[in-house]
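**Q** Provided below: start24.csv, containing CSV, C-alpha atoms.
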chain,number,residue,atom,x,y,z
Q,1,MET,CA,112.1,2.8,232.3
Q,2,ASN,CA,111.9,3.5,236.0
Q,3,SER,CA,112.9,6.9,237.3
Q,4,ARG,CA,116.0,5.6,239.2
Q,5,ARG,CA,117.4,4.2,236.0
Q,6,ALA,CA,116.6,7.3,234.1
Q,7,LEU,CA,118.3,9.4,236.8
Q,8,SER,CA,121.3,7.2,236.6
Q,9,ARG,CA,121.5,7.8,232.8
Q,10,THR,CA,121.0,11.4,233.4
Q,11,MET,CA,123.9,11.6,235.8
Q,12,GLN,CA,126.1,9.7,233.4
Q,13,ALA,CA,125.7,12.5,230.8
Q,14,GLY,CA,125.8,15.0,233.6
Q,15,ASP,CA,129.1,14.0,235.1
Q,16,GLU,CA,130.6,17.2,233.8
Q,17,SER,CA,127.9,19.1,235.6
Q,18,THR,CA,130.2,19.0,238.5
Q,19,GLU,CA,133.1,20.6,236.6
Q,20,SER,CA,133.8,24.1,235.2
Q,21,GLU,CA,136.8,24.4,232.9
Q,22,ILE,CA,139.1,27.3,233.6
Q,23,ALA,CA,142.0,28.4,231.4
Q,24,ILE,CA,144.3,31.2,232.4
Q,25,GLY,CA,146.1,32.9,229.6
Q,26,ALA,CA,149.7,34.1,229.8
Q,27,ASP,CA,148.4,37.7,229.9
Q,28,GLY,CA,146.3,36.9,233.1
Q,29,ARG,CA,142.9,36.6,231.5
Q,30,VAL,CA,140.7,34.0,232.9
Q,31,HIS,CA,138.5,31.9,230.5
Q,32,ILE,CA,135.7,29.9,232.0
Q,33,PHE,CA,133.6,27.3,230.2
Q,34,GLY,CA,130.5,26.0,231.9
Q,35,ALA,CA,130.7,28.5,234.7
Q,36,SER,CA,128.9,27.4,237.8
Q,37,ARG,CA,127.5,29.7,240.3
Q,38,GLU,CA,130.1,28.7,242.8
Q,39,ILE,CA,132.9,29.5,240.4
Q,40,LEU,CA,131.5,32.9,239.7
Q,41,GLU,CA,131.2,33.5,243.5
Q,42,ALA,CA,134.8,32.5,243.9
Q,43,LEU,CA,135.9,34.9,241.1
Q,44,ALA,CA,133.9,37.7,242.6
Q,45,ALA,CA,135.6,37.1,246.0
Q,46,ILE,CA,139.1,37.4,244.5
Q,47,GLY,CA,138.1,40.5,242.7
Q,48,VAL,CA,138.0,39.9,239.0
Q,49,ARG,CA,137.8,43.0,236.8
Q,50,GLY,CA,134.8,43.7,234.6
Q,51,ASP,CA,131.1,43.4,235.3
Q,52,ALA,CA,130.5,40.0,233.6
Q,53,VAL,CA,130.6,38.1,236.8
Q,54,ALA,CA,128.4,40.5,238.8
Q,55,GLN,CA,125.8,40.6,236.1
Q,56,ARG,CA,125.5,36.9,236.0
Q,57,LEU,CA,125.5,36.4,239.7
Q,58,GLY,CA,122.9,39.1,240.1
Q,59,ARG,CA,120.6,37.3,237.6
Q,60,GLY,CA,121.2,34.0,239.3
Q,61,LEU,CA,120.2,35.4,242.7
Q,62,VAL,CA,117.1,37.0,241.2
Q,63,ALA,CA,116.1,33.7,239.8
Q,64,ALA,CA,117.0,31.6,242.8
Q,65,CYS,CA,115.9,33.9,245.7
Q,66,GLY,CA,113.7,36.5,244.2
Q,67,THR,CA,115.9,39.3,245.4
Q,68,PRO,CA,118.7,41.0,243.7
Q,69,GLN,CA,120.1,42.5,246.9
Q,70,GLY,CA,122.3,39.5,247.7
Q,71,ALA,CA,124.4,40.0,244.6
Q,72,SER,CA,128.0,40.9,245.6
Q,73,PRO,CA,129.7,43.2,243.2
Q,74,PRO,CA,133.4,42.3,242.9
Q,75,PRO,CA,135.9,44.6,244.6
Q,76,GLN,CA,137.4,47.0,242.1
Q,77,ARG,CA,140.9,45.6,241.9
Q,78,SER,CA,142.8,45.4,238.8
Q,79,LEU,CA,143.7,41.7,238.3
Q,80,PRO,CA,142.8,39.2,237.2
Q,81,ASP,CA,140.6,40.0,234.2
Q,82,CYS,CA,137.8,37.6,233.5
Q,83,SER,CA,137.2,37.2,229.8
Q,84,ASP,CA,133.6,36.8,228.8
Q,85,ALA,CA,132.7,34.1,231.3
Q,86,GLY,CA,131.6,31.0,229.4
Q,87,GLU,CA,131.5,30.1,225.7
Q,88,SER,CA,129.3,27.3,224.7
Q,89,PRO,CA,130.2,25.8,221.3
D,1,MET,CA,109.2,34.1,208.6
D,2,VAL,CA,108.1,30.7,207.3
D,3,ASP,CA,104.5,30.1,208.4
D,4,SER,CA,103.9,27.3,210.7
D,5,GLU,CA,101.2,24.8,209.7
D,6,ASP,CA,98.8,26.2,212.2
D,7,GLY,CA,99.9,29.8,212.2
D,8,HIS,CA,100.0,29.9,216.0
D,9,PRO,CA,102.5,32.3,217.4
D,10,GLY,CA,102.4,30.9,220.9
D,11,LYS,CA,105.5,29.8,222.8
D,12,SER,CA,106.4,26.5,224.3
D,13,VAL,CA,104.2,26.8,227.3
D,14,ALA,CA,101.2,27.4,225.0
D,15,MET,CA,101.9,24.4,222.7
D,16,ASP,CA,99.5,21.7,223.5
D,17,SER,CA,100.3,18.0,223.1
D,18,GLU,CA,98.2,17.6,220.0
D,19,ARG,CA,100.1,20.4,218.2
D,20,LEU,CA,103.4,19.1,219.4
D,21,ALA,CA,102.5,15.7,218.1
D,22,GLY,CA,101.9,17.3,214.7
D,23,ARG,CA,105.3,18.8,214.8
D,24,VAL,CA,106.8,15.4,215.7
D,25,ALA,CA,105.2,13.8,212.7
D,26,ARG,CA,106.3,16.6,210.4
D,27,ALA,CA,109.9,16.5,211.8
D,28,ALA,CA,110.0,12.7,211.3
D,29,LEU,CA,109.9,13.2,207.5
D,30,HIS,CA,113.5,14.4,207.8
D,31,ASP,CA,114.5,11.1,209.2
D,32,THR,CA,114.0,9.6,205.8
D,33,HIS,CA,114.9,12.6,203.6
D,34,CYS,CA,116.8,15.1,205.7
D,35,MET,CA,116.5,18.8,204.8
D,36,LEU,CA,117.2,20.2,208.2
D,37,CYS,CA,120.3,22.1,207.3
D,38,GLU,CA,121.4,23.9,204.2
D,39,HIS,CA,123.6,21.1,203.1
D,40,ARG,CA,120.3,19.7,202.0
D,41,CYS,CA,121.7,16.2,201.5
D,42,GLY,CA,118.4,14.4,201.6
D,43,THR,CA,120.0,11.5,203.5
D,44,ASN,CA,117.7,8.7,204.7
D,45,ARG,CA,118.9,8.6,208.2
D,46,ALA,CA,116.3,6.0,209.2
D,47,ALA,CA,117.9,3.6,206.7
D,48,GLY,CA,121.4,4.1,208.2
D,49,GLU,CA,122.6,6.5,205.6
D,50,LEU,CA,125.0,9.2,206.9
D,51,GLY,CA,125.0,12.7,205.6
D,52,ARG,CA,127.6,15.5,206.2
D,53,CYS,CA,126.8,15.6,209.9
D,54,LYS,CA,126.9,11.8,210.3
D,55,ALA,CA,123.8,11.9,212.5
D,56,GLY,CA,121.3,9.0,212.7
D,57,THR,CA,117.8,9.3,214.0
D,58,GLU,CA,118.9,9.3,217.6
D,59,ALA,CA,120.3,12.3,219.5
D,60,ARG,CA,122.9,11.9,222.2
D,61,VAL,CA,123.7,14.3,225.1
D,62,PHE,CA,127.4,14.4,225.9
D,63,ARG,CA,127.0,16.9,228.7
D,64,HIS,CA,124.3,18.8,230.6
D,65,ARG,CA,124.8,21.3,233.3
D,66,VAL,CA,123.4,24.5,234.8
D,67,GLU,CA,125.6,27.3,233.7
D,68,TYR,CA,126.0,31.0,234.5
D,69,GLY,CA,128.3,32.0,231.6
D,70,GLU,CA,125.5,32.6,229.0
D,71,GLU,CA,124.0,36.0,228.4
D,72,PRO,CA,122.8,37.6,231.7
D,73,GLN,CA,119.2,37.5,230.6
D,74,LEU,CA,119.4,33.7,230.3
D,75,VAL,CA,121.2,32.5,233.4
D,76,PRO,CA,121.1,30.2,235.2
D,77,SER,CA,120.5,28.1,232.1
D,78,HIS,CA,120.4,24.3,231.9
D,79,LEU,CA,122.5,23.5,228.8
D,80,PHE,CA,122.1,20.2,226.9
D,81,TYR,CA,125.0,19.6,224.7
D,82,LEU,CA,124.2,17.3,221.8
D,83,SER,CA,127.0,15.6,219.8
D,84,GLY,CA,127.1,16.1,216.1
D,85,CYS,CA,127.2,19.2,213.9
D,86,ASP,CA,126.6,20.3,210.3
D,87,LEU,CA,129.6,22.6,210.4
D,88,ARG,CA,133.2,21.8,210.9
D,89,CYS,CA,134.6,24.9,212.6
D,90,ALA,CA,138.3,24.5,213.2
D,91,PHE,CA,138.2,26.3,216.5
D,92,CYS,CA,135.3,24.4,218.0
D,93,ILE,CA,135.6,24.4,221.8
D,94,ALA,CA,133.7,21.1,222.1
D,95,GLU,CA,136.3,19.5,219.9
D,96,GLU,CA,135.6,15.9,218.9
D,97,LYS,CA,132.4,15.7,220.9
D,98,ALA,CA,130.8,18.2,218.6
D,99,PHE,CA,131.5,16.2,215.5
D,100,ASP,CA,130.8,12.6,216.5
D,101,PRO,CA,127.1,12.0,217.0
D,102,ARG,CA,127.7,8.6,218.6
D,103,ILE,CA,129.1,10.2,221.8
D,104,GLY,CA,126.8,10.7,224.8
D,105,THR,CA,123.7,9.4,226.5
D,106,LEU,CA,120.6,8.7,224.4
D,107,LEU,CA,118.1,11.5,224.5
D,108,ASP,CA,114.6,10.2,225.2
D,109,ALA,CA,111.6,11.3,227.3
D,110,ASP,CA,112.8,9.4,230.4
D,111,PHE,CA,116.2,11.0,230.2
D,112,LEU,CA,114.8,14.5,229.6
D,113,ASN,CA,112.2,14.4,232.4
D,114,ALA,CA,114.9,13.3,234.9
D,115,ALA,CA,117.4,15.8,233.7
D,116,VAL,CA,114.8,18.7,233.7
D,117,ALA,CA,113.9,17.9,237.3
D,118,TRP,CA,117.6,17.8,238.1
D,119,GLY,CA,118.1,21.2,236.5
D,120,ARG,CA,115.1,22.8,238.2
D,121,LYS,CA,116.4,21.8,241.6
D,122,ARG,CA,119.6,23.8,240.7
D,123,GLY,CA,117.6,26.9,239.8
D,124,ALA,CA,117.7,26.7,236.0
D,125,ARG,CA,115.3,29.2,234.4
D,126,ASN,CA,115.3,27.6,231.0
D,127,LEU,CA,116.4,24.6,229.0
D,128,GLN,CA,119.0,25.4,226.3
D,129,TRP,CA,119.7,23.1,223.4
D,130,VAL,CA,123.3,23.5,222.2
D,131,GLY,CA,125.7,21.3,220.4
D,132,GLY,CA,127.4,20.5,218.2
D,133,GLU,CA,124.3,21.8,216.5
D,134,PRO,CA,120.8,20.9,217.8
D,135,THR,CA,119.0,21.5,214.6
D,136,ILE,CA,120.3,18.3,213.0
D,137,HIS,CA,118.6,16.4,215.9
D,138,LEU,CA,115.3,18.3,215.7
D,139,PRO,CA,113.1,15.2,215.2
D,140,ALA,CA,114.6,13.4,218.2
D,141,ILE,CA,114.4,16.6,220.4
D,142,LEU,CA,110.7,17.0,219.5
D,143,ARG,CA,110.0,13.4,220.3
D,144,ALA,CA,111.7,13.8,223.7
D,145,LEU,CA,109.8,17.0,224.4
D,146,ALA,CA,106.5,15.4,223.5
D,147,GLY,CA,107.1,13.1,226.5
D,148,CYS,CA,108.0,15.9,228.8
D,149,PRO,CA,104.7,17.3,230.2
D,150,ASP,CA,106.1,20.5,231.8
D,151,PRO,CA,109.2,21.7,229.9
D,152,PRO,CA,110.9,24.9,231.0
D,153,PRO,CA,111.1,27.8,228.5
D,154,LEU,CA,113.3,26.6,225.6
D,155,VAL,CA,116.4,28.3,224.3
D,156,TRP,CA,117.7,27.2,220.9
D,157,LYS,CA,121.4,27.9,220.5
D,158,SER,CA,122.2,27.4,216.8
D,159,ASP,CA,124.7,28.1,214.0
D,160,PHE,CA,121.6,29.2,212.0
D,161,HIS,CA,122.7,27.2,209.1
D,162,PHE,CA,119.3,25.5,209.1
D,163,THR,CA,116.6,25.5,206.4
D,164,PRO,CA,113.3,27.4,206.5
D,165,GLU,CA,111.7,24.0,206.9
D,166,ALA,CA,113.6,23.5,210.2
D,167,LEU,CA,112.8,27.0,211.4
D,168,ALA,CA,109.1,26.3,210.8
D,169,LEU,CA,109.3,23.3,213.0
D,170,LEU,CA,110.8,25.4,215.8
D,171,ASP,CA,108.2,28.2,215.4
D,172,GLY,CA,106.1,28.3,218.6
D,173,VAL,CA,108.2,25.6,220.2
D,174,VAL,CA,111.2,27.7,221.3
D,175,ASP,CA,111.1,30.8,223.4
D,176,VAL,CA,114.5,32.2,222.6
D,177,HIS,CA,116.9,31.8,219.6
D,178,VAL,CA,120.5,32.3,220.3
D,179,ALA,CA,122.2,32.7,216.9
D,180,ASP,CA,125.9,32.2,216.4
D,181,PHE,CA,126.8,34.6,213.6
D,182,LYS,CA,130.3,33.3,213.3
D,183,PHE,CA,131.7,34.8,210.1
D,184,GLY,CA,131.3,38.1,208.2
D,185,ASN,CA,132.2,36.8,204.8
D,186,ASP,CA,131.8,33.6,202.8
D,187,ALA,CA,135.5,33.0,202.3
D,188,CYS,CA,136.3,32.7,206.0
D,189,ALA,CA,133.2,30.5,206.5
D,190,GLU,CA,134.3,28.2,203.7
D,191,ARG,CA,137.9,28.0,204.8
D,192,ILE,CA,137.3,27.6,208.6
D,193,ALA,CA,134.0,25.8,208.8
D,194,GLY,CA,133.7,24.2,205.4
D,195,VAL,CA,130.4,25.8,204.5
D,196,PRO,CA,129.5,27.6,201.3
D,197,ARG,CA,127.0,30.5,200.9
D,198,TYR,CA,127.2,31.2,204.6
D,199,CYS,CA,126.3,34.9,204.8
D,200,ALA,CA,123.2,34.6,202.6
D,201,ILE,CA,121.9,31.6,204.6
D,202,VAL,CA,122.5,33.0,208.1
D,203,GLY,CA,121.3,36.4,207.1
D,204,ARG,CA,118.0,35.0,205.7
D,205,ASN,CA,117.5,32.9,208.9
D,206,LEU,CA,118.2,35.8,211.2
D,207,VAL,CA,115.6,38.0,209.5
D,208,ALA,CA,113.1,35.2,209.6
D,209,ALA,CA,113.7,34.4,213.2
D,210,ALA,CA,113.5,38.0,214.2
D,211,ALA,CA,110.1,38.2,212.6
D,212,GLY,CA,108.9,35.1,214.5
D,213,PRO,CA,107.4,34.7,218.0
D,214,ALA,CA,110.6,33.8,219.8
D,215,ASP,CA,113.1,36.3,221.2
D,216,LEU,CA,116.4,36.5,219.3
D,217,ILE,CA,119.9,37.1,220.6
D,218,VAL,CA,122.8,37.3,218.1
D,219,ARG,CA,126.1,36.1,219.4
D,220,HIS,CA,129.5,36.6,217.7
D,221,LEU,CA,132.7,35.0,219.0
D,222,LEU,CA,135.6,37.3,218.2
D,223,LEU,CA,138.3,35.5,216.4
D,224,PRO,CA,141.9,36.6,216.3
D,225,GLY,CA,142.8,38.5,213.2
D,226,HIS,CA,139.1,38.6,212.0
D,227,HIS,CA,138.0,42.0,213.2
D,228,GLU,CA,137.9,43.6,209.8
D,229,CYS,CA,136.8,40.6,207.8
D,230,CYS,CA,134.3,39.0,210.3
D,231,PHE,CA,133.3,41.2,213.3
D,232,ARG,CA,132.9,44.4,211.3
D,233,PRO,CA,130.7,43.0,208.5
D,234,VAL,CA,128.6,41.2,211.1
D,235,ALA,CA,128.1,44.4,213.1
D,236,HIS,CA,127.3,46.4,210.0
D,237,TRP,CA,124.9,43.8,208.8
D,238,LEU,CA,123.1,43.9,212.1
D,239,ALA,CA,123.0,47.7,212.1
D,240,ALA,CA,121.5,47.7,208.7
D,241,ASN,CA,119.0,44.8,209.1
D,242,LEU,CA,118.3,44.0,212.8
D,243,PRO,CA,119.6,47.0,214.8
D,244,GLY,CA,117.4,46.4,217.8
D,245,VAL,CA,118.3,42.7,218.3
D,246,PRO,CA,120.5,42.0,221.4
D,247,PHE,CA,124.0,41.6,220.2
D,248,SER,CA,126.3,39.5,222.4
D,249,ILE,CA,130.0,39.9,221.7
D,250,ARG,CA,132.1,37.0,223.1
D,251,ASP,CA,135.8,37.4,223.7
D,252,GLY,CA,136.5,34.1,225.3
D,253,TYR,CA,138.3,32.6,222.3
D,254,LEU,CA,141.0,30.1,222.9
D,255,PRO,CA,142.8,28.3,220.1
D,256,ARG,CA,141.5,24.7,220.5
D,257,TRP,CA,140.7,21.7,218.3
D,258,GLN,CA,142.2,22.2,214.9
D,259,ALA,CA,143.0,25.9,215.3
D,260,GLN,CA,146.7,25.2,215.0
D,261,HIS,CA,146.2,24.3,211.4
D,262,HIS,CA,145.1,27.9,210.7
D,263,PRO,CA,147.9,30.5,211.5
D,264,ASP,CA,145.4,33.2,212.2
D,265,LEU,CA,143.4,31.0,214.6
D,266,ALA,CA,146.4,29.6,216.4
D,267,LEU,CA,146.9,32.8,218.4
D,268,PRO,CA,145.0,34.0,221.4
D,269,LEU,CA,142.6,37.0,221.1
D,270,PRO,CA,144.3,40.3,221.9
D,271,ALA,CA,143.4,41.5,225.3
D,272,ASP,CA,141.7,44.7,224.0
D,273,ALA,CA,139.7,43.0,221.3
D,274,GLY,CA,136.5,42.7,223.3
D,275,LEU,CA,136.5,46.4,224.3
D,276,ARG,CA,137.3,47.5,220.8
D,277,ALA,CA,134.5,45.5,219.3
D,278,ARG,CA,132.0,46.6,221.9
D,279,ARG,CA,132.8,50.2,221.4
D,280,GLU,CA,132.4,49.9,217.7
D,281,ALA,CA,129.1,48.1,218.0
D,282,VAL,CA,127.8,50.8,220.3
D,283,MET,CA,128.9,53.4,217.9
D,284,LEU,CA,126.8,51.6,215.3
D,285,GLY,CA,123.8,51.8,217.6
D,286,LEU,CA,123.6,48.1,218.3
D,287,ALA,CA,122.0,46.7,221.5
D,288,VAL,CA,125.2,45.2,223.0
D,289,VAL,CA,124.5,42.8,225.8
D,290,GLY,CA,126.5,40.6,228.0
Transcribe the structure of this file into structure tokens.

**A**
Amino acid sequence: MNSRRALSRTMQAGDESTESEIAIGADGRVHIFGASREILEALAAIGVRGDAVAQRLGRGLVAACGTPQGASPPPQRSLPDCSDAGESP
Amino acid sequence: MVDSEDGHPGKSVAMDSERLAGRVARAALHDTHCMLCEHRCGTNRAAGELGRCKAGTEARVFRHRVEYGEEPQLVPSHLFYLSGCDLRCAFCIAEEKAFDPRIGTLLDADFLNAAVAWGRKRGARNLQWVGGEPTIHLPAILRALAGCPDPPPLVWKSDFHFTPEALALLDGVVDVHVADFKFGNDACAERIAGVPRYCAIVGRNLVAAAAGPADLIVRHLLLPGHHECCFRPVAHWLAANLPGVPFSIRDGYLPRWQAQHHPDLALPLPADAGLRARREAVMLGLAVVG
């Protein structure tokens, strides 16, 4: 199989790679499944409560850039609350 | 720990192609008489027979993506979701994809090589096999890996309902086990996931995995109404048996799939459940992560 065809098959299975699933509970908690880096950055920007987002963004930056300084801790506002980001089955 | 055939404690990067070929051959025996999970059905999958998991000899990937929601020490992680499972958890977030092994793209070396390259470009630090349950596809996974010359570190996210034979096949292949310790008693496991002798099987496998060369993370998804019957026994078991193992308490439960058939599971998790559980785990001296 040539690499172009393999890549095509890869992207078929990876279509959902472009999606993160977000559910917002009636109590305001945000549940994220398959959290991408961009989703976490957006949550950090709007000020989610808890350190789950900052922890993961920090690790991602270390891995991608070799420096943890770029990690942006979320502002300390009270809402919304991000429930443990991500839950693979 | 069940000894591997060669006794080599190395990790994936150290496993040469000859040794991996040996694993592929050993794993292939389960295609004709499957003893990969503790249902021990002995199904001849190569002949088209279907066991409890309904898996054939091929594995299929229904989703793969680079994710940041896993434990902080793993992210960014490239997760490969394989369809098919040996359990039948009523609350499974993957829903029907987890239980129908016909769903998804065929896993082979071409697919895996292209997907790994795709994940590396997006910063993935490791390749994580999830499901469904990856263990039921161990022969197919090893075959694909044998055609992948430079795999990333491997994470094996499992229900830990596998046999010692399966764990021996993983020994020296995977770098990190992520164990889903779902239930704290056999009655809940039987009622919600349809699996008997759950605690003895998972406990045995956790102790064996902790003694092996791979790192181990134990994960527990908090279920509504199951603090006393499931979370607490899990936490106490860990405190007594594996107190130093990283313990990841997940509070992202949502009532999905067939949860509505179980009055206890049909409710959302109370907002303070995660904090309550983490405090209790810390009081027990557990190494809470995430």

**Q** Tell me, as a list in words, which residues lie within 12 Å of D:Arg88, counting all atoms listed in the file; anything in the same chain fewer than 4 positions away does not count.

**A** Pro89 of chain Q; Arg52, Cys53, Lys54, Gly84, Cys92, Ile93, Ala94, Glu95, Glu96, Lys97, Ala98, Phe99, Asp100, Gly132, Glu133, Asp159, His161, Ala189, Glu190, Arg191, Ile192, Ala193, Gly194, Val195, Pro196, Trp257, Gln258 and Ala259 of chain D

**Q** Could you list, as JSON, numbers by chain, every residue of chain D that has an atom within 6 Å of an atom of chain Q, counting all atoms listed in the file?

**A** {"D": [62, 63, 64, 65, 67, 68, 69, 72, 76, 93, 94, 105, 110, 111, 114, 115, 123, 250, 251, 252]}

**Q** Can you pull out every residue within 10 Å of D:Ala281, counting all atoms listed in the file, but drop anything in the same chain fewer than 3 positions away, and send it as number ranges by chain?

**A** D: 231-232, 234-236, 238-239, 247, 249, 275-278, 284-288

**Q** Quick one: distance from atom CA of D:Leu87 to atom CA of D:Arg204 in Å, one decimal?

**A**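 Spanning atom CA of D:Leu87 to atom CA of D:Arg204 is a straight-line distance of 17.6 Å.
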
**Q** Write out as a PyMOL selection string each polymer residue whose atoms come within 7 Å of D:Asn44, counting all atoms listed in the file; drop sequence neighbours fewer than 5 positions from it.

**A** chain D and resi 31-34+49

**Q** In Å to one decimal, how far is atom CA of D:Leu167 from atom CA of D:Ala144?

**A** 18.1 Å

**Q** Atom CA of D:Ala166 and atom CA of D:Ala240 are how many Å apart?

**A**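 Computing it gives 25.5 Å between the two atoms.
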
**Q** Would you be able to write out as a list in words which residues have an atom within 10 Å of (110.6, 12.7, 221.1) in the file's coordinates, counting all atoms listed in the file?

**A**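 Those residues lying close to the given coordinates are Leu20, Ala21, Val24, Ala28, Glu58, Ala59, Leu107, Asp108, Ala109, Leu112, Leu138, Pro139, Ala140, Ile141, Leu142, Arg143, Ala144, Leu145, Ala146, Gly147 and Cys148 of chain D.
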
**Q** Neighbourhood query: residues within 6 Å of (119.1, 20.9, 210.6), file coordinates, counting all atoms listed in the file; return as a count of residues only.

**A** 5

**Q** Taking the block above, write stretch 32-46 of chain Q with N, CA, C and O atoms as a PDB file, in the first residue's frame.

**A**
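Contents of the output file selection.pdb:
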ATOM      1  N   ILE Q  32     -15.184  17.449  29.186  1.00  0.00           N
ATOM      2  CA  ILE Q  32     -14.542  17.421  27.872  1.00  0.00           C
ATOM      3  C   ILE Q  32     -14.032  16.019  27.593  1.00  0.00           C
ATOM      4  O   ILE Q  32     -13.388  15.401  28.438  1.00  0.00           O
ATOM      5  N   PHE Q  33     -14.300  15.547  26.402  1.00  0.00           N
ATOM      6  CA  PHE Q  33     -13.813  14.230  25.991  1.00  0.00           C
ATOM      7  C   PHE Q  33     -12.975  14.412  24.742  1.00  0.00           C
ATOM      8  O   PHE Q  33     -13.426  14.996  23.762  1.00  0.00           O
ATOM      9  N   GLY Q  34     -11.767  13.906  24.805  1.00  0.00           N
ATOM     10  CA  GLY Q  34     -10.863  14.092  23.680  1.00  0.00           C
ATOM     11  C   GLY Q  34     -10.376  15.527  23.592  1.00  0.00           C
ATOM     12  O   GLY Q  34     -10.364  16.124  22.525  1.00  0.00           O
ATOM     13  N   ALA Q  35      -9.964  16.049  24.725  1.00  0.00           N
ATOM     14  CA  ALA Q  35      -9.581  17.465  24.775  1.00  0.00           C
ATOM     15  C   ALA Q  35      -8.355  17.734  23.918  1.00  0.00           C
ATOM     16  O   ALA Q  35      -7.325  17.096  24.076  1.00  0.00           O
ATOM     17  N   SER Q  36      -8.479  18.676  23.022  1.00  0.00           N
ATOM     18  CA  SER Q  36      -7.327  19.117  22.234  1.00  0.00           C
ATOM     19  C   SER Q  36      -6.625  20.249  22.982  1.00  0.00           C
ATOM     20  O   SER Q  36      -7.168  20.844  23.914  1.00  0.00           O
ATOM     21  N   ARG Q  37      -5.429  20.544  22.525  1.00  0.00           N
ATOM     22  CA  ARG Q  37      -4.689  21.650  23.116  1.00  0.00           C
ATOM     23  C   ARG Q  37      -5.454  22.976  22.964  1.00  0.00           C
ATOM     24  O   ARG Q  37      -5.529  23.783  23.902  1.00  0.00           O
ATOM     25  N   GLU Q  38      -6.045  23.149  21.787  1.00  0.00           N
ATOM     26  CA  GLU Q  38      -6.749  24.408  21.528  1.00  0.00           C
ATOM     27  C   GLU Q  38      -7.961  24.572  22.448  1.00  0.00           C
ATOM     28  O   GLU Q  38      -8.271  25.672  22.901  1.00  0.00           O
ATOM     29  N   ILE Q  39      -8.644  23.461  22.716  1.00  0.00           N
ATOM     30  CA  ILE Q  39      -9.786  23.530  23.630  1.00  0.00           C
ATOM     31  C   ILE Q  39      -9.327  23.921  25.034  1.00  0.00           C
ATOM     32  O   ILE Q  39      -9.941  24.759  25.706  1.00  0.00           O
ATOM     33  N   LEU Q  40      -8.240  23.329  25.485  1.00  0.00           N
ATOM     34  CA  LEU Q  40      -7.754  23.679  26.820  1.00  0.00           C
ATOM     35  C   LEU Q  40      -7.313  25.135  26.882  1.00  0.00           C
ATOM     36  O   LEU Q  40      -7.523  25.820  27.892  1.00  0.00           O
ATOM     37  N   GLU Q  41      -6.694  25.590  25.812  1.00  0.00           N
ATOM     38  CA  GLU Q  41      -6.293  27.008  25.788  1.00  0.00           C
ATOM     39  C   GLU Q  41      -7.522  27.922  25.864  1.00  0.00           C
ATOM     40  O   GLU Q  41      -7.496  28.956  26.537  1.00  0.00           O
ATOM     41  N   ALA Q  42      -8.570  27.531  25.172  1.00  0.00           N
ATOM     42  CA  ALA Q  42      -9.792  28.342  25.215  1.00  0.00           C
ATOM     43  C   ALA Q  42     -10.386  28.340  26.621  1.00  0.00           C
ATOM     44  O   ALA Q  42     -10.830  29.384  27.124  1.00  0.00           O
ATOM     45  N   LEU Q  43     -10.363  27.179  27.276  1.00  0.00           N
ATOM     46  CA  LEU Q  43     -10.894  27.110  28.639  1.00  0.00           C
ATOM     47  C   LEU Q  43     -10.045  27.938  29.598  1.00  0.00           C
ATOM     48  O   LEU Q  43     -10.567  28.611  30.494  1.00  0.00           O
ATOM     49  N   ALA Q  44      -8.734  27.870  29.386  1.00  0.00           N
ATOM     50  CA  ALA Q  44      -7.855  28.678  30.240  1.00  0.00           C
ATOM     51  C   ALA Q  44      -8.153  30.161  30.056  1.00  0.00           C
ATOM     52  O   ALA Q  44      -8.166  30.939  31.018  1.00  0.00           O
ATOM     53  N   ALA Q  45      -8.421  30.540  28.815  1.00  0.00           N
ATOM     54  CA  ALA Q  45      -8.666  31.955  28.528  1.00  0.00           C
ATOM     55  C   ALA Q  45      -9.946  32.467  29.174  1.00  0.00           C
ATOM     56  O   ALA Q  45     -10.029  33.628  29.572  1.00  0.00           O
ATOM     57  N   ILE Q  46     -10.945  31.588  29.300  1.00  0.00           N
ATOM     58  CA  ILE Q  46     -12.197  32.060  29.913  1.00  0.00           C
ATOM     59  C   ILE Q  46     -12.202  31.843  31.423  1.00  0.00           C
ATOM     60  O   ILE Q  46     -13.161  32.210  32.094  1.00  0.00           O
TER      61      ILE Q  46
END
